[in-house]
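Source file query-v6.cif; content: mmCIF, C-alpha atoms.
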data_coords
#
loop_
_atom_site.label_atom_id
_atom_site.label_comp_id
_atom_site.auth_asym_id
_atom_site.auth_seq_id
_atom_site.Cartn_x
_atom_site.Cartn_y
_atom_site.Cartn_z
CA MET A 287 66.95 144.11 141.64
CA LYS A 288 67.73 145.73 138.31
CA LEU A 289 68.31 144.54 134.76
CA SER A 290 71.16 146.29 132.99
CA GLN A 291 70.39 148.89 130.35
CA GLY A 292 72.09 146.54 127.87
CA VAL A 293 68.97 144.38 127.87
CA GLU A 294 66.87 147.19 126.40
CA TRP A 295 69.51 147.96 123.78
CA ALA A 296 70.07 144.32 122.86
CA VAL A 297 66.40 143.47 122.36
CA HIS A 298 65.87 146.60 120.25
CA CYS A 299 68.93 145.86 118.11
CA CYS A 300 67.78 142.26 117.48
CA LEU A 301 64.34 143.60 116.60
CA LEU A 302 65.92 146.05 114.15
CA LEU A 303 67.96 143.22 112.62
CA THR A 304 64.78 141.32 111.72
CA HIS A 305 64.40 144.00 109.03
CA ALA A 306 67.70 143.22 107.30
CA GLU A 307 67.49 141.41 104.00
CA ASP A 308 68.33 137.72 104.35
CA GLY A 309 71.94 137.24 105.15
CA SER A 310 73.01 140.86 104.94
CA ALA A 311 75.19 142.13 107.77
CA VAL A 312 74.41 145.48 109.41
CA PRO A 313 77.30 147.65 110.65
CA ARG A 314 77.36 148.49 114.33
CA THR A 315 77.17 152.22 113.62
CA THR A 316 73.93 151.68 111.68
CA LEU A 317 72.39 149.87 114.65
CA ALA A 318 73.63 152.51 117.09
CA GLY A 319 72.47 155.39 114.89
CA TYR A 320 68.91 154.13 114.62
CA TYR A 321 68.35 154.48 118.37
CA GLY A 322 71.01 157.11 119.13
CA LEU A 323 73.03 154.66 121.25
CA PRO A 324 76.69 155.23 122.16
CA ASP A 325 78.47 153.15 119.56
CA ALA A 326 81.45 152.00 121.64
CA TYR A 327 79.33 150.96 124.60
CA LEU A 328 76.89 149.09 122.36
CA ALA A 329 79.86 147.06 121.05
CA LYS A 330 80.17 145.27 124.39
CA HIS A 331 76.58 144.09 124.29
CA LEU A 332 76.76 143.03 120.64
CA LYS A 333 79.79 140.92 121.54
CA SER A 334 77.79 139.21 124.28
CA LEU A 335 75.03 138.47 121.77
CA VAL A 336 77.57 136.92 119.39
CA ARG A 337 79.16 134.88 122.18
CA SER A 338 75.73 133.47 123.06
CA GLY A 339 74.91 132.56 119.49
CA VAL A 340 72.08 135.09 119.08
CA LEU A 341 73.98 137.17 116.52
CA ALA A 342 76.68 136.32 114.01
CA ALA A 343 79.39 138.84 113.21
CA THR A 344 81.32 139.25 109.99
CA SER A 345 84.35 141.47 109.61
CA GLY A 346 85.63 143.48 106.68
CA PRO A 347 84.36 146.59 104.87
CA ARG A 348 80.90 145.07 104.33
CA GLY A 349 80.90 143.42 107.74
CA GLY A 350 78.55 143.79 110.66
CA PHE A 351 75.92 141.84 112.54
CA ARG A 352 73.03 139.62 111.56
CA LEU A 353 70.69 137.32 113.46
CA ALA A 354 72.30 133.90 113.84
CA ARG A 355 68.93 132.17 113.48
CA THR A 356 65.57 133.01 111.94
CA PRO A 357 63.61 135.59 113.96
CA ASP A 358 61.11 132.97 115.12
CA GLY A 359 63.98 130.98 116.62
CA ILE A 360 65.28 133.75 118.86
CA THR A 361 63.36 134.40 122.06
CA VAL A 362 63.55 137.44 124.30
CA LEU A 363 64.95 135.08 126.95
CA ASP A 364 67.87 134.19 124.64
CA ILE A 365 68.72 137.89 124.44
CA VAL A 366 68.22 138.62 128.15
CA GLU A 367 70.42 135.65 129.11
CA ALA A 368 73.09 136.73 126.61
CA ILE A 369 73.36 140.04 128.50
CA GLU A 370 72.55 139.05 132.07
CA GLY A 371 73.57 135.40 132.23
CA SER A 372 71.26 132.60 133.30
CA ALA A 373 72.00 132.46 137.02
CA PRO A 374 68.83 132.78 139.11
CA PRO A 375 68.59 136.10 140.99
CA PHE A 376 68.03 134.35 144.32
CA VAL A 377 71.10 132.78 145.89
CA CYS A 378 70.38 130.27 148.68
CA THR A 379 73.13 130.37 151.29
CA GLU A 380 71.61 127.46 153.24
CA ILE A 381 70.99 129.41 156.42
CA ARG A 382 68.92 126.43 157.60
CA GLN A 383 72.28 124.69 158.15
CA ARG A 384 73.62 127.49 160.33
CA GLY A 385 72.98 128.85 163.80
CA ALA A 386 71.77 127.33 167.05
CA CYS A 387 69.12 125.19 165.35
CA ALA A 388 71.18 124.16 162.34
CA LEU A 389 69.90 121.25 160.30
CA PRO A 390 72.45 118.49 159.76
CA VAL A 391 73.48 118.26 156.14
CA GLU A 392 71.93 114.81 155.70
CA ARG A 393 68.52 116.42 156.33
CA CYS A 394 69.08 118.91 153.50
CA GLU A 395 68.96 116.68 150.47
CA ARG A 396 65.91 118.49 149.09
CA PRO A 397 66.26 122.21 148.32
CA CYS A 398 65.13 124.54 151.09
CA GLY A 399 61.42 125.35 150.73
CA VAL A 400 62.18 129.07 150.68
CA ALA A 401 64.69 128.66 147.85
CA GLN A 402 62.25 126.46 145.95
CA VAL A 403 59.61 129.22 145.95
CA MET A 404 62.18 131.67 144.61
CA TYR A 405 63.35 129.24 141.92
CA ASP A 406 59.74 128.60 140.85
CA ALA A 407 59.19 132.35 140.42
CA ASP A 408 62.39 132.64 138.41
CA ARG A 409 61.16 129.83 136.17
CA ALA A 410 57.85 131.69 135.65
CA TRP A 411 59.81 134.80 134.63
CA ARG A 412 62.00 132.91 132.18
CA ASP A 413 59.03 130.98 130.76
CA SER A 414 57.30 134.29 130.07
CA LEU A 415 60.34 135.69 128.24
CA ARG A 416 60.79 132.41 126.38
CA GLY A 417 57.24 132.76 125.05
CA VAL A 418 58.07 135.80 122.90
CA THR A 419 60.32 135.72 119.84
CA VAL A 420 61.82 138.64 117.96
CA ALA A 421 59.55 137.62 115.08
CA GLY A 422 56.60 138.20 117.40
CA LEU A 423 57.95 141.60 118.44
CA ARG A 424 58.51 142.57 114.81
CA ASP A 425 54.99 141.51 113.82
CA GLY A 426 53.62 143.83 116.50
CA LEU A 427 55.19 146.90 114.90
CA PRO A 428 53.12 149.21 112.67
CA ASP A 429 53.90 148.83 108.94
CA THR A 430 55.23 152.38 108.73
CA LEU A 431 57.89 151.63 111.36
CA ARG A 432 58.92 148.44 109.63
CA GLU A 433 59.29 150.31 106.35
CA ARG A 434 61.47 152.95 108.00
CA ALA A 435 63.62 150.26 109.65
CA ARG A 436 64.15 148.47 106.33
CA THR A 437 65.07 151.72 104.60
CA TRP A 438 67.52 152.79 107.30
CA ILE A 439 69.28 149.44 107.34
CA LYS A 440 69.72 149.43 103.57
CA ASP A 441 71.13 152.95 103.44
CA PRO A 442 71.37 155.07 106.57
CA SER A 443 72.51 158.07 104.54
CA GLY A 444 69.39 158.16 102.37
CA PRO A 445 65.97 159.73 103.09
CA LEU A 446 63.52 157.93 105.37
CA PRO A 447 59.92 157.34 104.32
CA ALA A 448 57.49 159.64 106.12
CA PHE A 449 55.19 158.28 108.81
CA VAL A 450 51.79 157.29 107.44
CA MET B 103 70.31 140.70 138.26
CA LYS B 104 70.56 139.74 141.89
CA LEU B 105 68.23 139.73 144.87
CA SER B 106 69.79 140.94 148.10
CA GLN B 107 70.69 138.43 150.77
CA GLY B 108 68.15 140.20 152.97
CA VAL B 109 65.38 138.42 151.04
CA GLU B 110 66.57 135.01 152.22
CA TRP B 111 66.91 136.21 155.80
CA ALA B 112 63.53 137.97 155.80
CA VAL B 113 61.54 135.03 154.45
CA HIS B 114 63.20 132.66 156.92
CA CYS B 115 62.53 135.01 159.84
CA CYS B 116 58.86 135.36 158.90
CA LEU B 117 58.65 131.58 158.58
CA LEU B 118 60.17 131.21 162.05
CA LEU B 119 57.67 133.74 163.45
CA THR B 120 54.76 131.55 162.33
CA HIS B 121 55.80 129.31 165.26
CA ALA B 122 55.36 132.01 167.91
CA GLU B 123 52.37 131.66 170.16
CA ASP B 124 49.57 134.03 169.20
CA GLY B 125 50.53 137.58 169.89
CA SER B 126 53.88 136.91 171.52
CA ALA B 127 56.78 139.05 170.34
CA VAL B 128 60.11 137.41 169.56
CA PRO B 129 63.34 139.33 170.32
CA ARG B 130 65.62 140.05 167.41
CA THR B 131 68.47 138.12 168.99
CA THR B 132 66.27 135.02 169.15
CA LEU B 133 65.53 135.30 165.43
CA ALA B 134 69.18 135.93 164.58
CA GLY B 135 70.42 133.10 166.79
CA TYR B 136 68.18 130.49 165.19
CA TYR B 137 69.91 130.92 161.81
CA GLY B 138 73.24 132.31 163.02
CA LEU B 139 72.59 135.69 161.35
CA PRO B 140 74.51 138.86 162.28
CA ASP B 141 72.14 140.54 164.69
CA ALA B 142 72.89 144.17 163.84
CA TYR B 143 72.62 143.64 160.08
CA LEU B 144 69.38 141.68 160.44
CA ALA B 145 67.94 144.73 162.24
CA LYS B 146 67.88 146.70 159.00
CA HIS B 147 65.79 144.08 157.24
CA LEU B 148 63.40 143.65 160.17
CA LYS B 149 62.83 147.41 160.08
CA SER B 150 61.93 147.19 156.39
CA LEU B 151 59.44 144.41 157.19
CA VAL B 152 57.85 146.57 159.89
CA ARG B 153 57.72 149.59 157.59
CA SER B 154 55.90 147.50 154.97
CA GLY B 155 53.36 146.17 157.45
CA VAL B 156 54.56 142.55 157.32
CA LEU B 157 55.82 142.59 160.91
CA ALA B 158 54.82 144.55 163.98
CA ALA B 159 57.43 145.60 166.52
CA THR B 160 56.98 146.16 170.23
CA SER B 161 59.63 147.72 172.43
CA GLY B 162 60.52 147.15 176.06
CA PRO B 163 62.05 144.23 177.97
CA ARG B 164 59.51 141.73 176.55
CA GLY B 165 59.52 143.40 173.15
CA GLY B 166 60.38 142.05 169.76
CA PHE B 167 58.73 141.16 166.47
CA ARG B 168 55.59 139.34 165.46
CA LEU B 169 53.73 138.83 162.20
CA ALA B 170 51.41 141.78 161.61
CA ARG B 171 48.80 139.49 160.02
CA THR B 172 47.91 135.81 160.17
CA PRO B 173 50.44 133.60 158.31
CA ASP B 174 47.94 132.88 155.52
CA GLY B 175 47.66 136.63 154.89
CA ILE B 176 51.38 137.20 154.26
CA THR B 177 52.73 136.18 150.89
CA VAL B 178 56.35 135.69 149.90
CA LEU B 179 55.83 138.63 147.53
CA ASP B 180 54.92 140.87 150.50
CA ILE B 181 58.27 139.98 152.07
CA VAL B 182 60.31 140.30 148.87
CA GLU B 183 58.79 143.71 148.14
CA ALA B 184 59.45 144.87 151.71
CA ILE B 185 63.16 144.23 151.14
CA GLU B 186 63.57 144.95 147.41
CA GLY B 187 60.79 147.42 146.70
CA SER B 188 58.17 146.92 144.03
CA ALA B 189 59.82 148.66 141.08
CA PRO B 190 60.07 146.39 138.02
CA PRO B 191 63.65 145.28 137.23
CA PHE B 192 63.40 146.52 133.63
CA VAL B 193 63.57 150.27 133.13
CA CYS B 194 62.38 151.49 129.71
CA THR B 195 64.36 154.55 128.66
CA GLU B 196 62.25 155.01 125.52
CA ILE B 197 65.08 154.53 123.06
CA ARG B 198 62.42 154.36 120.33
CA GLN B 199 62.12 158.13 120.78
CA ARG B 200 65.83 158.70 120.23
CA GLY B 201 68.28 158.53 117.37
CA ALA B 202 68.01 159.08 113.63
CA CYS B 203 64.70 157.21 113.37
CA ALA B 204 63.13 158.60 116.55
CA LEU B 205 59.40 158.14 116.95
CA PRO B 206 57.52 161.36 117.70
CA VAL B 207 56.09 161.35 121.21
CA GLU B 208 52.49 161.33 119.96
CA ARG B 209 53.16 157.90 118.43
CA CYS B 210 54.28 156.53 121.79
CA GLU B 211 51.04 156.52 123.74
CA ARG B 212 51.14 152.75 124.15
CA PRO B 213 54.11 151.25 126.01
CA CYS B 214 56.96 150.07 123.81
CA GLY B 215 56.46 146.43 122.78
CA VAL B 216 59.86 145.50 124.19
CA ALA B 217 59.04 147.04 127.57
CA GLN B 218 55.64 145.33 127.57
CA VAL B 219 57.25 141.89 127.23
CA MET B 220 59.54 142.67 130.17
CA TYR B 221 56.65 143.97 132.29
CA ASP B 222 54.61 140.83 131.52
CA ALA B 223 57.49 138.64 132.71
CA ASP B 224 57.81 140.72 135.87
CA ARG B 225 54.09 140.20 136.49
CA ALA B 226 54.52 136.42 136.08
CA TRP B 227 57.36 136.51 138.64
CA ARG B 228 55.32 138.50 141.16
CA ASP B 229 52.21 136.35 140.61
CA SER B 230 54.27 133.28 141.38
CA LEU B 231 55.58 134.78 144.64
CA ARG B 232 52.11 136.02 145.53
CA GLY B 233 50.82 132.45 145.27
CA VAL B 234 52.76 131.25 148.31
CA THR B 235 52.06 132.37 151.89
CA VAL B 236 54.23 131.91 154.96
CA ALA B 237 51.48 129.57 156.21
CA GLY B 238 52.11 127.43 153.13
CA LEU B 239 55.86 127.45 153.74
CA ARG B 240 55.32 126.49 157.39
CA ASP B 241 52.98 123.62 156.46
CA GLY B 242 55.72 122.23 154.20
CA LEU B 243 58.16 121.83 157.12
CA PRO B 244 58.61 118.45 158.81
CA ASP B 245 56.95 118.21 162.27
CA THR B 246 60.28 117.80 164.00
CA LEU B 247 61.51 121.15 162.66
CA ARG B 248 58.33 122.88 163.68
CA GLU B 249 58.67 121.50 167.20
CA ARG B 250 62.27 122.72 167.41
CA ALA B 251 61.24 126.18 166.15
CA ARG B 252 58.46 126.46 168.74
CA THR B 253 60.81 125.36 171.53
CA TRP B 254 63.56 127.82 170.52
CA ILE B 255 61.19 130.74 170.30
CA LYS B 256 59.73 130.05 173.74
CA ASP B 257 63.12 129.74 175.43
CA PRO B 258 66.32 129.95 173.40
CA SER B 259 68.39 129.06 176.48
CA GLY B 260 66.65 125.73 177.07
CA PRO B 261 67.30 122.34 175.48
CA LEU B 262 66.02 121.62 171.97
CA PRO B 263 64.04 118.49 171.18
CA ALA B 264 66.09 115.91 169.24
CA PHE B 265 65.39 115.28 165.58
CA VAL B 266 62.98 112.42 165.04
#
Take the structure from the file and write it as structure tokens.
Amino acid sequence: MKLSQGVEWAVHCCLLLTHAEDGSAVPRTTLAGYYGLPDAYLAKHLKSLVRSGVLAATSGPRGGFRLARTPDGITVLDIVEAIEGSAPPFVCTEIRQRGACALPVERCERPCGVAQVMYDADRAWRDSLRGVTVAGLRDGLPDTLRERARTWIKDPSGPLPAFV
Amino acid sequence: MKLSQGVEWAVHCCLLLTHAEDGSAVPRTTLAGYYGLPDAYLAKHLKSLVRSGVLAATSGPRGGFRLARTPDGITVLDIVEAIEGSAPPFVCTEIRQRGACALPVERCERPCGVAQVMYDADRAWRDSLRGVTVAGLRDGLPDTLRERARTWIKDPSGPLPAFV
């Protein structure tokens, strides 16, 4: 069981976008440059974030990406589901209805107990990710990092403030 | 993110083995036949369960598989980890240390905040699976199913009790 690398990139890009001034769009190359990500491959994940309503995209010479909602309204789960989808990782194939001791379908109205345990765990995972917003992630960053992020986003060709 | 089908098979087989009389080994074909599973492919997963200490295998004409511990000592997590391993699904590639705004390594002693959120969710998932034992799963089955399971395991060629 593996999450795609896009999850790491997407959460970091949303976190970086919390440092954009209200309403200003950040070009994809600025996002990619901050973390040294391959620009073209990042595009795919940014598109998924737009499709899911986490980001909004604007085109044109001053175009780019911004958070579609305030940072306290975007959870890590929103981002993970934008990249990975929301299907549970366990797929019940109803093996209780197969084989020599198969249960008749009318005895299978309730989900299989095994599947239920897996679904409950999946819910615990999603609840945990739903409990953290990008605002919360941003507030956990040291001030010096936040200052560097703000500076980079405003002008990636200018000098960065030193670490303090 | 997907769990392998082997997880479903493995949990069901362990659940079936809770119905074996103390110490008696159940042949692989008996396990496979109960759920109509492909015998040869099930073998791989049973081997993983033995390797992880969930099942014990005995060879010979009366050989087969039995639970290596009492049913209340085997959690669903034990079984899932036997099949899937225990590596967390999120892999942090430390992108905070890359790119134009890379953090120097000496500022990365604590795990990245993004990775920490993902690890916390993984812990919630594993805690949930650790909270259910195969004894608990067994106790949730209707009596009529338990009777059929016991009968099949004792003699898969004999008649099964009817559903009541």
**Request:** Name all residues at most 9 Å from Arg355 in chain A (count only C-alpha atoms; drop same-chain ones fewer than 4 positions away) and give them as a PyMOL selection string.
**Result:** chain A and resi 339-342+359-360
**Request:** Work out how far CA of Tyr137 in chain B is from CA of Asp406 in chain A, in Å to one decimal.
**Result:**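 Answer for the CA of Asp406 in chain A to CA of Tyr137 in chain B separation: 23.4 Å.
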**Prompt:** For chain A against chain B, which residues fall within 6 Å using only C-alpha atoms, given as a ChimeraX atom specification?
**Reply:** /A:287-289,319-322,375-376,381,384-387,407,410-411,414
**Prompt:** Using only C-alpha atoms, which of the listed residues (A:Ile439, A:Ala448, A:Ala329, A:Ile365) sits closest to Glu307 in chain A?
**Reply:**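 Of the candidates, the smallest distance to Glu307 in chain A is held by A:Ile439.
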**Message:** Here's the selection I'm unsure about, the PyMOL selection byres ((chain A and resi 333) around 12); applied to the file above, which residues does it give, as a PyMOL selection string?
**Reply:** chain A and resi 292+296+314+326-332+334-344+350-351+365+368-369
**Message:** Expand the PyMOL selection byres ((chain A and resi 306) around 9) into the explicit residue set it covers here, and present it as a ChimeraX atom specification.
**Reply:** /A:302-305,307-312,352,435-436,439-440
**Asked** Interatomic distance between CA of Ala170 in chain B and CA of Cys116 in chain B?
**Response**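 Distance between the two atoms: 10.2 Å.
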**Request:** Could you tell me how far CA of Thr419 in chain A lies from CA of Asp358 in chain A, in Å and to one decimal?
**Result:**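 CA of Asp358 in chain A lies 5.5 Å from CA of Thr419 in chain A.
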Let me have the centre and edge lengths in Å, one decimal, of the box along x, y and z around every listed atom of range 199-218 of chain B with 3 Å of margin on each side, as AutoDock Vina command-line options.
--center_x 59.7 --center_y 153.3 --center_z 120.5 --size_x 23.2 --size_y 22.0 --size_z 20.2
Starting from the incomplete input, reconstruct N, CA, C and O atoms of range 370-392 of chain A and report them as an mmCIF file, in the frame of the given file.
data_model
loop_
_atom_site.group_PDB
_atom_site.id
_atom_site.type_symbol
_atom_site.label_atom_id
_atom_site.label_comp_id
_atom_site.auth_asym_id
_atom_site.auth_seq_id
_atom_site.Cartn_x
_atom_site.Cartn_y
_atom_site.Cartn_z
ATOM 1 N N GLU A 370 72.577 139.140 130.606
ATOM 2 C CA GLU A 370 72.550 139.050 132.070
ATOM 3 C C GLU A 370 73.054 137.710 132.615
ATOM 4 O O GLU A 370 73.219 137.561 133.828
ATOM 5 N N GLY A 371 73.231 136.744 131.747
ATOM 6 C CA GLY A 371 73.570 135.400 132.230
ATOM 7 C C GLY A 371 72.301 134.663 132.634
ATOM 8 O O GLY A 371 71.206 135.231 132.624
ATOM 9 N N SER A 372 72.462 133.392 132.994
ATOM 10 C CA SER A 372 71.260 132.600 133.300
ATOM 11 C C SER A 372 71.196 132.198 134.767
ATOM 12 O O SER A 372 70.377 131.372 135.148
ATOM 13 N N ALA A 373 72.045 132.780 135.590
ATOM 14 C CA ALA A 373 72.000 132.460 137.020
ATOM 15 C C ALA A 373 70.727 133.013 137.630
ATOM 16 O O ALA A 373 70.337 134.145 137.326
ATOM 17 N N PRO A 374 70.044 132.249 138.480
ATOM 18 C CA PRO A 374 68.830 132.780 139.110
ATOM 19 C C PRO A 374 69.178 133.934 140.054
ATOM 20 O O PRO A 374 70.265 133.949 140.641
ATOM 21 N N PRO A 375 68.271 134.916 140.173
ATOM 22 C CA PRO A 375 68.590 136.100 140.990
ATOM 23 C C PRO A 375 68.617 135.804 142.493
ATOM 24 O O PRO A 375 69.198 136.565 143.252
ATOM 25 N N PHE A 376 68.006 134.692 142.895
ATOM 26 C CA PHE A 376 68.030 134.350 144.320
ATOM 27 C C PHE A 376 69.148 133.358 144.579
ATOM 28 O O PHE A 376 69.234 132.325 143.927
ATOM 29 N N VAL A 377 70.012 133.682 145.529
ATOM 30 C CA VAL A 377 71.100 132.780 145.890
ATOM 31 C C VAL A 377 70.824 132.227 147.291
ATOM 32 O O VAL A 377 70.748 132.985 148.262
ATOM 33 N N CYS A 378 70.638 130.924 147.383
ATOM 34 C CA CYS A 378 70.380 130.270 148.680
ATOM 35 C C CYS A 378 71.718 130.018 149.369
ATOM 36 O O CYS A 378 72.581 129.339 148.816
ATOM 37 N N THR A 379 71.871 130.599 150.549
ATOM 38 C CA THR A 379 73.130 130.370 151.290
ATOM 39 C C THR A 379 72.958 129.321 152.374
ATOM 40 O O THR A 379 73.803 129.215 153.275
ATOM 41 N N GLU A 380 71.836 128.586 152.306
ATOM 42 C CA GLU A 380 71.610 127.460 153.240
ATOM 43 C C GLU A 380 71.661 127.904 154.691
ATOM 44 O O GLU A 380 72.326 127.276 155.517
ATOM 45 N N ILE A 381 70.934 128.967 155.017
ATOM 46 C CA ILE A 381 70.990 129.410 156.420
ATOM 47 C C ILE A 381 70.308 128.392 157.328
ATOM 48 O O ILE A 381 70.531 128.401 158.530
ATOM 49 N N ARG A 382 69.524 127.476 156.756
ATOM 50 C CA ARG A 382 68.920 126.430 157.600
ATOM 51 C C ARG A 382 69.993 125.513 158.210
ATOM 52 O O ARG A 382 69.744 124.803 159.168
ATOM 53 N N GLN A 383 71.183 125.524 157.622
ATOM 54 C CA GLN A 383 72.280 124.690 158.150
ATOM 55 C C GLN A 383 73.184 125.457 159.106
ATOM 56 O O GLN A 383 74.245 124.967 159.481
ATOM 57 N N ARG A 384 72.765 126.682 159.460
ATOM 58 C CA ARG A 384 73.620 127.490 160.330
ATOM 59 C C ARG A 384 72.883 127.819 161.638
ATOM 60 O O ARG A 384 71.672 127.619 161.750
ATOM 61 N N GLY A 385 73.581 128.353 162.578
ATOM 62 C CA GLY A 385 72.980 128.850 163.800
ATOM 63 C C GLY A 385 72.687 127.773 164.824
ATOM 64 O O GLY A 385 73.015 126.603 164.648
ATOM 65 N N ALA A 386 72.011 128.210 165.903
ATOM 66 C CA ALA A 386 71.770 127.330 167.050
ATOM 67 C C ALA A 386 70.893 126.131 166.689
ATOM 68 O O ALA A 386 70.977 125.080 167.322
ATOM 69 N N CYS A 387 70.046 126.275 165.701
ATOM 70 C CA CYS A 387 69.120 125.190 165.350
ATOM 71 C C CYS A 387 69.465 124.592 163.995
ATOM 72 O O CYS A 387 68.593 124.115 163.262
ATOM 73 N N ALA A 388 70.726 124.615 163.658
ATOM 74 C CA ALA A 388 71.180 124.160 162.340
ATOM 75 C C ALA A 388 70.704 122.749 162.012
ATOM 76 O O ALA A 388 70.709 121.861 162.874
ATOM 77 N N LEU A 389 70.270 122.577 160.785
ATOM 78 C CA LEU A 389 69.900 121.250 160.300
ATOM 79 C C LEU A 389 71.162 120.512 159.882
ATOM 80 O O LEU A 389 72.005 121.090 159.198
ATOM 81 N N PRO A 390 71.292 119.247 160.265
ATOM 82 C CA PRO A 390 72.450 118.490 159.760
ATOM 83 C C PRO A 390 72.334 118.319 158.242
ATOM 84 O O PRO A 390 71.228 118.259 157.698
ATOM 85 N N VAL A 391 73.461 118.256 157.599
ATOM 86 C CA VAL A 391 73.480 118.260 156.140
ATOM 87 C C VAL A 391 72.684 117.095 155.542
ATOM 88 O O VAL A 391 72.070 117.228 154.488
ATOM 89 N N GLU A 392 72.642 115.969 156.253
ATOM 90 C CA GLU A 392 71.930 114.810 155.700
ATOM 91 C C GLU A 392 70.409 115.033 155.676
ATOM 92 O O GLU A 392 69.677 114.292 155.040
#
